[in-house]
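Trainee: Structure: query06.txt, compact mmCIF, C-alpha atoms and all ligand atoms.
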```
# COMPACT_ATOMS: atom_id res chain seq x y z
CA MET A 1 -17.76 3.92 -10.16
CA LYS A 2 -15.53 1.87 -7.90
CA ASN A 3 -13.53 0.29 -10.65
CA ASP A 4 -12.51 3.67 -11.98
CA ILE A 5 -9.78 3.55 -9.43
CA PHE A 6 -7.17 0.98 -10.03
CA PHE A 7 -4.72 0.14 -7.37
CA HIS A 8 -2.13 -2.31 -6.47
CA GLU A 9 -1.05 -3.77 -3.18
CA ASN A 10 2.56 -3.13 -3.96
CA CYS A 11 1.97 0.53 -4.65
CA ARG A 12 2.06 3.11 -1.98
CA ARG A 13 -0.58 5.14 -3.76
CA PHE A 14 -3.47 4.19 -5.94
CA LEU A 15 -3.69 5.55 -9.41
CA ALA A 16 -6.45 7.20 -11.34
CA PRO A 17 -6.75 5.96 -14.93
CA ALA A 18 -5.36 9.27 -16.20
CA CYS A 19 -2.12 8.42 -14.48
CA LEU A 20 -1.73 5.06 -16.12
CA ALA A 21 0.44 6.38 -18.87
CA ALA A 22 3.04 7.43 -16.36
CA THR A 23 5.73 5.01 -17.29
CA LEU A 24 7.59 5.28 -14.03
CA LEU A 25 4.53 4.47 -11.98
CA LEU A 26 3.57 1.62 -14.23
CA ALA A 27 7.02 0.21 -13.79
CA ALA A 28 6.69 0.71 -10.06
CA CYS A 29 3.58 -1.43 -10.13
CA SER A 30 5.26 -4.16 -12.17
CA GLY A 31 2.27 -4.03 -14.49
CA GLY A 32 0.21 -5.08 -11.54
CA GLY A 33 -3.05 -3.21 -11.81
CA SER A 34 -4.18 -4.13 -15.23
CA GLN A 35 -6.72 -6.79 -15.98
CA ALA A 36 -5.56 -6.76 -19.57
CA THR A 37 -2.98 -8.77 -21.38
CA PRO A 38 0.38 -8.32 -19.73
CA SER A 39 2.61 -5.64 -21.14
CA SER A 40 6.23 -6.04 -21.97
CA ALA A 41 6.87 -5.74 -18.24
CA ALA A 42 5.21 -9.11 -17.77
CA PRO A 43 7.19 -12.27 -17.22
CA PRO A 44 8.53 -14.09 -20.25
CA PRO A 45 6.23 -16.82 -21.57
CA THR A 46 7.92 -19.67 -19.78
CA SER A 47 4.72 -21.59 -19.32
CA ASN A 48 4.62 -24.69 -17.23
CA SER A 49 2.05 -26.18 -19.46
CA GLY A 50 4.10 -27.77 -22.16
CA SER A 51 2.85 -27.36 -25.71
CA ASN A 52 -0.61 -26.22 -24.72
CA THR A 53 -0.61 -22.57 -23.77
CA SER A 54 -3.91 -21.40 -25.26
CA PRO A 55 -5.92 -19.26 -22.87
CA GLY A 56 -9.24 -20.84 -22.07
CA ASN A 57 -8.16 -24.36 -22.77
CA ASN A 58 -8.92 -26.45 -19.74
CA THR A 59 -6.10 -28.88 -20.11
CA ASN A 60 -2.59 -28.52 -18.91
CA ALA A 61 -0.58 -30.60 -21.31
CA GLY A 62 2.66 -30.80 -19.37
CA GLU A 63 4.49 -34.01 -18.86
CA ASP A 64 4.85 -35.65 -15.50
CA SER A 65 8.59 -35.47 -15.85
CA ALA A 66 9.73 -32.31 -14.11
CA THR A 67 12.71 -30.47 -15.44
CA THR A 68 14.78 -28.29 -13.20
CA GLY A 69 17.16 -25.66 -14.42
CA ALA A 70 17.89 -21.97 -14.58
CA PRO A 71 15.74 -19.61 -12.50
CA LEU A 72 12.44 -18.76 -14.16
CA GLU A 73 12.84 -15.05 -13.45
CA THR A 74 15.08 -13.52 -16.08
CA ARG A 75 14.23 -9.82 -15.72
CA SER A 76 16.69 -7.62 -13.91
CA GLY A 77 15.80 -6.90 -10.31
CA ASN A 78 15.15 -3.51 -8.77
CA GLY A 79 17.47 -3.97 -5.84
CA ALA A 80 20.59 -3.74 -7.95
CA GLY A 81 23.60 -4.64 -5.93
CA TYR A 82 21.65 -6.44 -3.23
CA GLN A 83 22.92 -9.96 -2.66
CA PRO A 84 20.94 -12.81 -1.11
CA ALA A 85 22.02 -13.89 2.34
CA PHE A 86 22.17 -17.58 1.45
CA PRO A 87 21.79 -19.84 -1.62
CA ASN A 88 18.27 -20.09 -3.06
CA GLN A 89 16.96 -17.13 -1.04
CA THR A 90 15.80 -15.78 -4.41
CA ARG A 91 15.71 -17.07 -7.99
CA ALA A 92 15.81 -20.73 -6.97
CA PRO A 93 16.24 -23.29 -9.76
CA GLY A 94 13.29 -23.20 -12.13
CA ILE A 95 10.99 -26.19 -12.38
CA ARG A 96 8.84 -26.85 -15.42
CA ASN A 97 6.05 -29.35 -15.97
CA SER A 98 6.19 -31.02 -12.59
CA ILE A 99 2.78 -32.59 -13.12
CA ALA A 100 -0.08 -32.40 -15.61
CA PHE A 101 -3.36 -31.08 -14.30
CA ASP A 102 -6.77 -29.98 -15.49
CA VAL A 103 -8.27 -26.61 -14.66
CA GLN A 104 -12.02 -26.51 -14.08
CA THR A 105 -14.14 -23.38 -13.71
CA VAL A 106 -16.23 -23.72 -10.55
CA ALA A 107 -17.96 -20.33 -10.65
CA SER A 108 -17.70 -17.18 -12.71
CA GLY A 109 -19.11 -13.65 -12.69
CA LEU A 110 -17.63 -12.84 -9.27
CA ASP A 111 -17.19 -9.15 -8.49
CA SER A 112 -13.74 -8.39 -7.12
CA PRO A 113 -13.56 -11.44 -4.85
CA TRP A 114 -10.89 -11.37 -2.15
CA ALA A 115 -11.15 -14.71 -0.37
CA VAL A 116 -12.59 -18.19 -0.73
CA GLU A 117 -13.16 -20.83 1.95
CA VAL A 118 -14.25 -24.36 1.15
CA LEU A 119 -17.27 -25.35 3.26
CA PRO A 120 -17.52 -28.88 4.69
CA ASP A 121 -20.26 -29.70 2.17
CA GLU A 122 -17.99 -28.60 -0.69
CA ARG A 123 -19.83 -25.37 -1.28
CA PHE A 124 -17.79 -22.18 -0.90
CA LEU A 125 -17.84 -18.91 0.97
CA ILE A 126 -16.56 -16.02 -1.11
CA THR A 127 -16.03 -12.42 -0.08
CA GLU A 128 -16.43 -9.70 -2.67
CA ARG A 129 -14.40 -6.63 -1.76
CA PRO A 130 -17.22 -4.10 -2.24
CA GLY A 131 -18.85 -5.68 0.85
CA ARG A 132 -20.69 -8.83 -0.13
CA LEU A 133 -20.32 -12.35 1.25
CA ARG A 134 -21.79 -15.09 -0.94
CA ILE A 135 -22.26 -18.82 -0.75
CA ILE A 136 -21.28 -20.54 -3.98
CA GLY A 137 -22.87 -23.88 -4.75
CA ALA A 138 -20.91 -26.88 -5.99
CA ASP A 139 -22.67 -26.19 -9.31
CA GLY A 140 -21.35 -22.61 -9.37
CA SER A 141 -24.63 -21.00 -8.36
CA LYS A 142 -24.25 -17.77 -6.38
CA SER A 143 -26.39 -16.93 -3.38
CA ALA A 144 -27.75 -13.49 -2.71
CA PRO A 145 -25.41 -11.54 -0.42
CA VAL A 146 -25.38 -12.93 3.12
CA GLN A 147 -27.18 -10.41 5.35
CA GLY A 148 -25.91 -8.96 8.60
CA LEU A 149 -22.38 -7.83 7.82
CA PRO A 150 -21.20 -4.51 9.23
CA ALA A 151 -20.44 -1.67 6.80
CA VAL A 152 -17.05 -1.66 5.09
CA THR A 153 -14.90 1.05 3.54
CA SER A 154 -14.67 -0.09 -0.06
CA GLN A 155 -11.94 2.16 -1.32
CA GLY A 156 -8.46 1.50 -2.67
CA GLN A 157 -7.41 -1.85 -1.25
CA GLY A 158 -10.12 -1.74 1.41
CA GLY A 159 -13.44 -3.49 1.64
CA LEU A 160 -14.63 -6.89 2.77
CA LEU A 161 -11.41 -8.91 2.81
CA ASP A 162 -10.68 -12.36 4.26
CA VAL A 163 -13.04 -14.98 5.64
CA ALA A 164 -12.22 -18.05 7.75
CA LEU A 165 -14.19 -20.91 9.24
CA ASP A 166 -14.12 -21.67 12.93
CA PRO A 167 -12.31 -24.99 13.50
CA GLN A 168 -15.65 -26.27 14.85
CA PHE A 169 -17.68 -24.71 12.05
CA GLN A 170 -19.53 -27.92 11.32
CA SER A 171 -21.13 -27.84 14.76
CA ASN A 172 -21.14 -24.10 15.63
CA ARG A 173 -21.48 -22.44 12.17
CA ILE A 174 -19.21 -19.58 13.26
CA ILE A 175 -17.22 -17.68 10.66
CA TYR A 176 -14.64 -14.88 10.96
CA TRP A 177 -14.06 -12.07 8.52
CA SER A 178 -11.74 -9.10 8.20
CA TYR A 179 -12.58 -5.78 6.64
CA ALA A 180 -11.63 -2.17 6.25
CA GLU A 181 -13.82 -0.60 8.88
CA PRO A 182 -15.05 2.99 8.54
CA ARG A 183 -14.24 4.80 11.79
CA ASP A 184 -14.26 8.32 13.14
CA GLY A 185 -11.14 9.93 11.75
CA GLY A 186 -10.26 7.21 9.26
CA ASN A 187 -10.42 3.46 8.99
CA GLY A 188 -8.61 0.31 10.01
CA THR A 189 -8.53 -3.45 9.72
CA THR A 190 -11.19 -5.03 11.89
CA LEU A 191 -11.91 -8.68 12.64
CA ALA A 192 -15.44 -9.88 13.38
CA ARG A 193 -17.19 -13.18 13.82
CA GLY A 194 -20.77 -14.37 13.66
CA ARG A 195 -22.97 -17.41 13.20
CA LEU A 196 -23.93 -18.27 9.65
CA ILE A 197 -27.64 -19.09 9.47
CA GLU A 198 -29.25 -20.53 6.36
CA ASP A 199 -33.00 -21.06 6.26
CA ALA A 200 -35.99 -20.31 4.09
CA ALA A 201 -35.41 -16.59 4.57
CA GLY A 202 -31.93 -16.88 3.07
CA ALA A 203 -28.43 -16.66 4.53
CA ARG A 204 -27.53 -14.22 7.29
CA LEU A 205 -25.09 -13.66 10.13
CA GLU A 206 -26.30 -13.59 13.71
CA ASN A 207 -24.52 -12.82 16.99
CA VAL A 208 -22.06 -10.62 15.12
CA GLN A 209 -19.20 -9.47 17.35
CA VAL A 210 -16.15 -7.37 16.57
CA ILE A 211 -13.28 -9.24 18.26
CA PHE A 212 -10.31 -7.09 17.20
CA ARG A 213 -9.62 -3.59 15.88
CA GLN A 214 -6.21 -2.66 14.52
CA MET A 215 -5.19 0.59 16.18
CA PRO A 216 -4.54 3.40 15.70
CA THR A 217 -7.33 4.44 13.36
CA PHE A 218 -5.72 5.99 10.32
CA GLN A 219 -6.69 7.68 7.08
CA SER A 220 -5.41 5.48 4.26
CA SER A 221 -6.92 3.23 1.63
CA LEU A 222 -3.87 0.99 1.47
CA HIS A 223 -2.13 -1.91 3.22
CA PHE A 224 -4.87 -3.53 5.29
CA GLY A 225 -3.12 -6.92 5.43
CA SER A 226 -6.09 -9.00 6.64
CA ARG A 227 -5.44 -12.72 6.23
CA ILE A 228 -6.99 -14.84 9.01
CA VAL A 229 -5.65 -18.32 9.74
CA PHE A 230 -6.40 -20.71 12.55
CA ALA A 231 -3.66 -22.63 14.29
CA GLY A 232 -4.17 -26.22 15.40
CA ASP A 233 -4.72 -25.11 19.01
CA GLY A 234 -7.78 -23.04 18.09
CA THR A 235 -6.04 -19.67 18.30
CA LEU A 236 -5.94 -17.45 15.24
CA PHE A 237 -3.48 -15.22 13.42
CA LEU A 238 -4.50 -12.00 11.70
CA THR A 239 -2.07 -10.11 9.49
CA VAL A 240 -2.24 -6.31 9.51
CA GLY A 241 -0.47 -3.86 7.20
CA GLU A 242 1.30 -0.59 7.96
CA ARG A 243 -1.09 1.63 5.94
CA SER A 244 1.66 2.45 3.45
CA VAL A 245 2.30 6.13 4.09
CA PRO A 246 5.60 7.00 5.84
CA ALA A 247 3.90 7.81 9.17
CA GLY A 248 2.51 4.27 9.11
CA MET A 249 5.59 2.47 7.82
CA VAL A 250 7.70 3.46 10.81
CA GLN A 251 5.07 2.01 13.15
CA ALA A 252 5.91 -1.47 11.83
CA GLN A 253 8.85 -1.23 14.28
CA ASP A 254 6.72 0.25 17.10
CA LEU A 255 5.39 -2.32 19.56
CA ARG A 256 2.78 0.18 20.77
CA SER A 257 1.09 0.13 17.36
CA ASP A 258 -0.75 -2.62 15.49
CA PHE A 259 0.71 -1.48 12.15
CA GLY A 260 2.80 -3.97 10.21
CA LYS A 261 2.28 -6.88 12.58
CA VAL A 262 1.11 -10.45 12.81
CA ILE A 263 -1.55 -10.54 15.53
CA HIS A 264 -2.25 -13.66 17.61
CA LEU A 265 -5.60 -14.00 19.38
CA ASN A 266 -7.85 -16.53 21.00
CA ALA A 267 -10.96 -17.21 18.95
CA ASP A 268 -13.01 -14.82 21.11
CA GLY A 269 -10.49 -12.00 20.60
CA SER A 270 -8.83 -12.33 23.99
CA ILE A 271 -5.04 -12.51 24.26
CA PRO A 272 -3.29 -15.87 24.59
CA SER A 273 -1.39 -15.77 27.87
CA ASP A 274 1.81 -17.03 26.23
CA ASN A 275 1.97 -14.33 23.54
CA PRO A 276 5.54 -13.03 23.35
CA PHE A 277 4.90 -9.50 24.65
CA VAL A 278 2.35 -10.26 27.35
CA GLY A 279 3.29 -8.48 30.54
CA ARG A 280 5.86 -6.18 28.93
CA ALA A 281 5.41 -2.47 29.47
CA ASP A 282 4.59 -0.27 26.50
CA THR A 283 3.84 -3.11 24.11
CA LEU A 284 0.60 -4.44 22.70
CA PRO A 285 0.07 -7.99 23.96
CA GLU A 286 -1.70 -9.10 20.75
CA ILE A 287 1.54 -8.81 18.74
CA TRP A 288 3.06 -12.10 17.57
CA SER A 289 5.74 -10.71 15.23
CA TYR A 290 6.59 -7.28 13.84
CA GLY A 291 8.47 -5.38 11.17
CA HIS A 292 6.09 -6.52 8.43
CA ARG A 293 4.95 -4.39 5.51
CA ASN A 294 1.69 -5.74 4.12
CA VAL A 295 1.13 -9.46 4.71
CA GLN A 296 -1.71 -10.60 2.49
CA ALA A 297 -0.85 -14.30 2.30
CA ALA A 298 -0.78 -16.57 5.34
CA THR A 299 -1.35 -20.22 6.09
CA ILE A 300 -0.71 -22.90 8.67
CA ASP A 301 1.08 -26.02 7.46
CA ALA A 302 -1.36 -28.73 8.53
CA LEU A 303 1.49 -31.21 9.00
CA THR A 304 3.99 -29.13 10.97
CA GLY A 305 1.71 -26.50 12.49
CA ARG A 306 4.10 -23.83 11.21
CA LEU A 307 2.76 -20.36 10.31
CA TRP A 308 3.91 -19.13 6.90
CA THR A 309 3.33 -15.69 5.40
CA VAL A 310 4.16 -13.81 2.23
CA GLU A 311 4.22 -10.03 2.31
CA HIS A 312 4.25 -7.34 -0.33
CA GLY A 313 7.60 -5.65 -0.64
CA PRO A 314 8.05 -2.22 -2.20
CA LEU A 315 9.69 -2.12 -5.65
CA GLY A 316 11.13 -5.61 -5.34
CA GLY A 317 11.42 -7.57 -2.13
CA ASP A 318 8.19 -9.56 -1.75
CA GLU A 319 9.11 -12.05 0.94
CA LEU A 320 8.26 -15.46 2.37
CA ASN A 321 8.63 -15.81 6.14
CA HIS A 322 7.65 -18.21 8.88
CA PRO A 323 6.96 -15.67 11.62
CA GLU A 324 8.06 -16.75 15.06
CA PRO A 325 6.89 -15.18 18.30
CA GLY A 326 8.53 -11.90 19.25
CA ARG A 327 10.76 -11.73 16.17
CA ASN A 328 11.41 -8.64 14.07
CA TYR A 329 11.05 -9.09 10.29
CA GLY A 330 12.81 -5.86 9.53
CA TRP A 331 10.48 -3.52 7.64
CA PRO A 332 11.18 -0.68 6.90
CA ILE A 333 14.79 -0.93 8.12
CA ILE A 334 15.89 -3.86 5.94
CA SER A 335 14.44 -4.88 2.59
CA TYR A 336 15.50 -6.43 -0.71
CA GLY A 337 13.34 -3.88 -2.53
CA ILE A 338 13.72 -0.17 -3.14
CA ASP A 339 11.34 2.77 -2.92
CA TYR A 340 8.94 3.53 -5.78
CA ASP A 341 10.91 6.59 -6.77
CA GLY A 342 13.93 4.37 -7.40
CA THR A 343 15.87 5.44 -4.33
CA LYS A 344 17.06 3.13 -1.59
CA LEU A 345 14.92 2.73 1.49
CA GLY A 346 16.45 4.12 4.64
CA GLU A 347 20.07 3.08 4.80
CA GLY A 348 19.64 0.74 1.83
CA ILE A 349 20.52 -2.37 3.79
CA THR A 350 19.24 -5.93 3.54
CA ALA A 351 20.40 -7.32 6.87
CA ARG A 352 20.83 -6.22 10.46
CA ASP A 353 21.42 -8.06 13.72
CA GLY A 354 18.19 -8.77 15.50
CA MET A 355 16.18 -8.77 12.27
CA GLU A 356 15.09 -11.93 10.50
CA GLN A 357 16.03 -12.76 6.94
CA PRO A 358 13.19 -13.81 4.64
CA VAL A 359 13.19 -17.48 3.70
CA TYR A 360 12.75 -16.35 0.09
CA TYR A 361 12.20 -13.14 -1.83
CA TRP A 362 11.10 -12.03 -5.28
CA ASP A 363 12.55 -9.10 -7.19
CA PRO A 364 10.73 -8.07 -9.36
CA VAL A 365 7.68 -8.68 -7.21
CA ILE A 366 4.89 -11.21 -7.73
CA ALA A 367 2.47 -9.19 -5.52
CA PRO A 368 1.35 -12.06 -3.28
CA SER A 369 -2.27 -12.76 -2.39
CA GLY A 370 -3.27 -16.08 -0.81
CA MET A 371 -1.19 -19.17 -0.08
CA ILE A 372 -1.28 -22.78 1.06
CA VAL A 373 1.22 -25.40 2.09
CA TYR A 374 -0.10 -28.32 0.07
CA ARG A 375 -1.00 -31.34 2.20
CA GLY A 376 -3.63 -33.01 0.04
CA ALA A 377 -3.97 -36.46 -1.47
CA MET A 378 -4.62 -35.52 -5.11
CA PHE A 379 -1.11 -34.37 -5.97
CA PRO A 380 1.40 -36.60 -4.13
CA GLN A 381 4.31 -34.96 -6.00
CA TRP A 382 3.34 -31.58 -4.57
CA GLN A 383 3.28 -32.64 -0.91
CA GLY A 384 4.79 -29.88 1.21
CA SER A 385 5.04 -27.42 -1.66
CA ILE A 386 4.01 -23.84 -0.96
CA PHE A 387 1.58 -22.33 -3.48
CA ILE A 388 1.23 -18.55 -3.64
CA GLY A 389 -1.07 -16.49 -5.81
CA GLY A 390 0.49 -13.63 -7.75
CA LEU A 391 -1.47 -10.49 -8.58
CA ALA A 392 1.11 -8.56 -10.58
CA GLY A 393 2.82 -11.86 -11.25
CA MET A 394 -0.34 -13.20 -12.87
CA LYS A 395 0.58 -16.76 -12.02
CA LEU A 396 0.38 -19.41 -9.35
CA VAL A 397 3.83 -19.84 -7.84
CA ARG A 398 4.86 -23.24 -6.51
CA LEU A 399 7.86 -23.40 -4.23
CA GLN A 400 9.34 -26.83 -3.84
CA MET A 401 10.73 -27.01 -0.35
CA ASP A 402 13.71 -28.75 1.18
CA GLY A 403 12.89 -28.57 4.85
CA GLU A 404 12.29 -24.88 5.48
CA ARG A 405 14.40 -23.68 2.57
CA VAL A 406 13.28 -23.28 -1.03
CA ALA A 407 14.65 -25.87 -3.45
CA GLY A 408 12.90 -24.83 -6.66
CA GLU A 409 10.29 -22.50 -8.13
CA GLU A 410 7.59 -23.34 -10.65
CA TRP A 411 5.09 -20.98 -12.32
CA LEU A 412 1.62 -22.33 -13.09
CA LEU A 413 -1.43 -20.91 -14.91
CA GLN A 414 0.64 -18.20 -16.63
CA GLU A 415 -1.12 -18.78 -19.92
CA ARG A 416 -4.37 -17.57 -18.36
CA ASN A 417 -3.17 -14.03 -17.63
CA LEU A 418 -5.04 -13.91 -14.33
CA ARG A 419 -4.35 -11.80 -11.30
CA ILE A 420 -4.69 -14.46 -8.58
CA ARG A 421 -6.32 -13.31 -5.33
CA ASP A 422 -6.57 -16.40 -3.15
CA VAL A 423 -5.48 -20.04 -3.03
CA GLN A 424 -7.12 -22.78 -0.96
CA GLN A 425 -6.98 -26.55 -0.69
CA GLY A 426 -10.14 -28.66 -0.68
CA SER A 427 -10.53 -31.54 1.74
CA ASP A 428 -10.15 -33.91 -1.22
CA GLY A 429 -6.84 -32.28 -2.16
CA ALA A 430 -8.04 -30.20 -5.10
CA ILE A 431 -6.42 -26.76 -5.31
CA TYR A 432 -8.75 -23.77 -5.63
CA VAL A 433 -7.58 -20.56 -7.21
CA LEU A 434 -9.63 -17.37 -7.00
CA ALA A 435 -9.04 -14.78 -9.70
CA ASP A 436 -9.16 -11.05 -9.00
CA GLY A 437 -11.20 -8.45 -10.82
CA PRO A 438 -14.73 -7.27 -11.52
CA ASN A 439 -15.84 -10.35 -13.49
CA SER A 440 -13.70 -13.20 -12.30
CA SER A 441 -13.77 -16.90 -11.60
CA LEU A 442 -13.08 -19.58 -9.06
CA LEU A 443 -10.95 -22.32 -10.59
CA ARG A 444 -10.17 -25.85 -9.43
CA LEU A 445 -6.97 -27.73 -10.23
CA VAL A 446 -7.23 -31.52 -10.32
CA PRO A 447 -4.83 -34.15 -11.67
CA LYS A 448 -5.14 -34.70 -15.37
CA ASN A 449 -7.16 -37.77 -16.25
CA CA A 501 -9.38 -17.24 4.32
CA CA A 502 11.48 -8.57 6.09
```
Would you mind writing the file out in structure tokens?
Ligand SMILES: [Ca+2]
Ligand SMILES: [Ca+2]

Mentor:
Amino acid sequence: MKNDIFFHENCRRFLAPACLAATLLLAACSGGGSQATPSSAAPPPTSNSGSNTSPGNNTNAGEDSATTGAPLETRSGNGAGYQPAFPNQTRAPGIRNSIAFDVQTVASGLDSPWAVEVLPDERFLITERPGRLRIIGADGSKSAPVQGLPAVTSQGQGGLLDVALDPQFQSNRIIYWSYAEPRDGGNGTTLARGRLIEDAAGARLENVQVIFRQMPTFQSSLHFGSRIVFAGDGTLFLTVGERSVPAGMVQAQDLRSDFGKVIHLNADGSIPSDNPFVGRADTLPEIWSYGHRNVQAATIDALTGRLWTVEHGPLGGDELNHPEPGRNYGWPIISYGIDYDGTKLGEGITARDGMEQPVYYWDPVIAPSGMIVYRGAMFPQWQGSIFIGGLAGMKLVRLQMDGERVAGEEWLLQERNLRIRDVQQGSDGAIYVLADGPNSSLLRLVPKN
């Protein structure tokens, strides 16, 4: 049974249930794999939601008067002795109760969903990691699995992963999806596209084309990365992990490998001529930025056009970046986290010339999933804030920004004890939150009436 194996994006290895009692490994996962009530390793109950913290209650009873104060994170970090490079690079001032909102359940009974996209008619596309793509009605109804997807490797962190709409979806009906592809000698992250057809026979994909394969093929069930985001110019970014094992980690610094990179492609999979490494010997021209670990959250700020990512760190050191072309983000040479066995990584350094500092980092980790830069109309006070789902963190993190630096951090939805797998914004400005797990829900945040 697939769910017998529990795993966590921040862990280098996935754990059989018999191993769960291993205290060290549990600590290494920051409590991240469990669907159950958080253990003592979970964050303190500093709920954003004012007096109303009952799970299942659909009202957030916070006041509209935000309070800002001490950092919300009070646990000790793993990277003892590591100092941030600049103020507010971690543990920014805590914000509580910035705005009251209601939480509505859009759909439930989803099986290990990984990604949600809001369709132009306000239905939803949802991937389920075991290999199903479904259309969810505005009333929460679930379609039969969309037919025509290639096989996936549903193992560990692998499976059917992200989905994205073509910028011209309304006229061309083309969608893109990423998945752990079974290959000779292993697997790898693969990106495909196809035309979504809906008729009396049901929903299916036609003209399916693989447009990118992360190489080399490798035997690992971990660190597939896999977020797909479209830039305003119609090109796309795909994030790809470093497969976690040491032989993969080092390739994050190797420009001849697709491991641990942000990839930049035209929508047909061809290489944009202005990619940073085009024309350079011994480099892959699809690389946009490198030195990443496992980027599973990515978005384009609709106002600025800026690419933002959040990647899983090791034990500590999840980080927010805005990857720029040709830049090195440092993994595994620099990190604010440490290895799962408690030792320092490499030289145990957090900075080096030629390597970019994260805009922000979390230690202990939140285990990031999906993200948005909020640019909707429903929550004017949240304009420009970055929202990030936390898996181990079991919360929706809001970063209040001051330009491209973090000014404050707020934790939302903590009272629900949900591993959050994806975050999206609807065209009306509602915020959608997709929970992780074998029987999970799609939630919608709207201003409180
Ligand atoms: Ca997506
Ligand atoms: Ca980094």

Trainee: Applying 8 Å and all atoms listed in the file, which residues near stretch 214-224 of chain A remain after dropping the ones on its own chain fewer than 4 positions away? List them as an NGL selection string.

Mentor: :A and (9 or 12-13 or 155-158 or 180 or 183-190 or 240-245 or 257-259 or 293-294)

Trainee: Please indicate the distance in Å from atom CA of A:Gly337 to atom CA of A:Tyr179, rounded to one decimal place.

Mentor: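 Between atom CA of A:Gly337 and atom CA of A:Tyr179 the gap is 27.6 Å.
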
Trainee: Would you mind telling me which residue in A:Ala80, A:Ile197, A:Leu413, A:Leu320 lies nearest to ligand CA 502 (chain A) when using only C-alpha atoms and all ligand atoms?

Mentor: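 The shortest atom-to-atom distance to ligand CA 502 (chain A) comes from A:Leu320.
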
Trainee: Given a cut-off of 9 Å, what residues near ligand CA 502 (chain A) show up using all atoms listed in the file, put as a list in words?

Mentor: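 Residues lying within 9 Å of ligand CA 502 (chain A): Gly291, His292, Arg293, Glu311, Gly313, Gly317, Asp318, Glu319, Leu320, Asn321, Asn328, Tyr329, Gly330, Trp331, Pro332, Ile333, Ile334, Ser335, Tyr336, Thr350, Met355, Glu356, Gln357 and Pro358 of chain A.
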
Trainee: Include C-alpha atoms and write out the residues we just selected as a PDB file, in the frame of the given file.

Mentor:
```pdb
ATOM      1  CA  GLY A 291       8.470  -5.380  11.170  1.00  0.00           C
ATOM      2  CA  HIS A 292       6.090  -6.520   8.430  1.00  0.00           C
ATOM      3  CA  ARG A 293       4.950  -4.390   5.510  1.00  0.00           C
ATOM      4  CA  GLU A 311       4.220 -10.030   2.310  1.00  0.00           C
ATOM      5  CA  GLY A 313       7.600  -5.650  -0.640  1.00  0.00           C
ATOM      6  CA  GLY A 317      11.420  -7.570  -2.130  1.00  0.00           C
ATOM      7  CA  ASP A 318       8.190  -9.560  -1.750  1.00  0.00           C
ATOM      8  CA  GLU A 319       9.110 -12.050   0.940  1.00  0.00           C
ATOM      9  CA  LEU A 320       8.260 -15.460   2.370  1.00  0.00           C
ATOM     10  CA  ASN A 321       8.630 -15.810   6.140  1.00  0.00           C
ATOM     11  CA  ASN A 328      11.410  -8.640  14.070  1.00  0.00           C
ATOM     12  CA  TYR A 329      11.050  -9.090  10.290  1.00  0.00           C
ATOM     13  CA  GLY A 330      12.810  -5.860   9.530  1.00  0.00           C
ATOM     14  CA  TRP A 331      10.480  -3.520   7.640  1.00  0.00           C
ATOM     15  CA  PRO A 332      11.180  -0.680   6.900  1.00  0.00           C
ATOM     16  CA  ILE A 333      14.790  -0.930   8.120  1.00  0.00           C
ATOM     17  CA  ILE A 334      15.890  -3.860   5.940  1.00  0.00           C
ATOM     18  CA  SER A 335      14.440  -4.880   2.590  1.00  0.00           C
ATOM     19  CA  TYR A 336      15.500  -6.430  -0.710  1.00  0.00           C
ATOM     20  CA  THR A 350      19.240  -5.930   3.540  1.00  0.00           C
ATOM     21  CA  MET A 355      16.180  -8.770  12.270  1.00  0.00           C
ATOM     22  CA  GLU A 356      15.090 -11.930  10.500  1.00  0.00           C
ATOM     23  CA  GLN A 357      16.030 -12.760   6.940  1.00  0.00           C
ATOM     24  CA  PRO A 358      13.190 -13.810   4.640  1.00  0.00           C
TER      25      PRO A 358
END
```

Trainee: Closest to ligand CA 501 (chain A) among A:Lys261, A:Arg405, A:Arg227, A:Arg306, using all atoms listed in the file?

Mentor: A:Arg227

Trainee: Pick from A:Gly370, A:Gly342, A:Gly390, A:Pro150: nearest to ligand CA 501 (chain A), with all atoms listed in the file counted?

Mentor: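 Among A:Gly370, A:Gly342, A:Gly390, A:Pro150, it is A:Gly370 that comes nearest to ligand CA 501 (chain A).
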
Trainee: Which residue is closest to A:Thr283? Choose from A:Asn449, A:Thr299, A:Gln253, A:Gln147 and count all atoms listed in the file.

Mentor: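 For A:Thr283, the nearest of the given residues is A:Gln253.
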
Trainee: If we count all atoms listed in the file, what is near stretch 160-176 of chain A at a cut-off of 6 Å, once residues fewer than 2 positions away on the same chain are taken out, given as a list in words?

Mentor: Trp114, Ala115, Arg129, Gly131, Ser178, Tyr179, Ala192, Arg193, Gly194, Arg195, Leu196 and Arg227 of chain A

Trainee: Give as number ranges by chain the set of residues within 7 Å of the point (7.9, -2.3, -1.1), where distances use the file's coordinates and all atoms listed in the file.

Mentor: A: 10, 312-317, 337-339

Trainee: Please, what distance in Å, to one decimal, runs between atom CA of A:Ala298 and atom CA of A:Gly376?

Mentor: 17.5 Å

Trainee: One number please: atom CA of A:Ala267 to atom CA of A:Trp288, in Å, one decimal.

Mentor: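 Pair atom CA of A:Ala267 / atom CA of A:Trp288 returns 15.0 Å.
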
Trainee: Just checking: using only C-alpha atoms and all ligand atoms, which residue out of A:Ala100, A:Val118, A:Val210, A:Ala430 ends up closest to ligand CA 501 (chain A)?

Mentor: A:Val118

Trainee: So, with all atoms listed in the file as the atoms that count, which of A:Ala281, A:Leu434, A:Ala203, A:Leu391 lies closest to ligand CA 501 (chain A)?

Mentor: A:Leu434
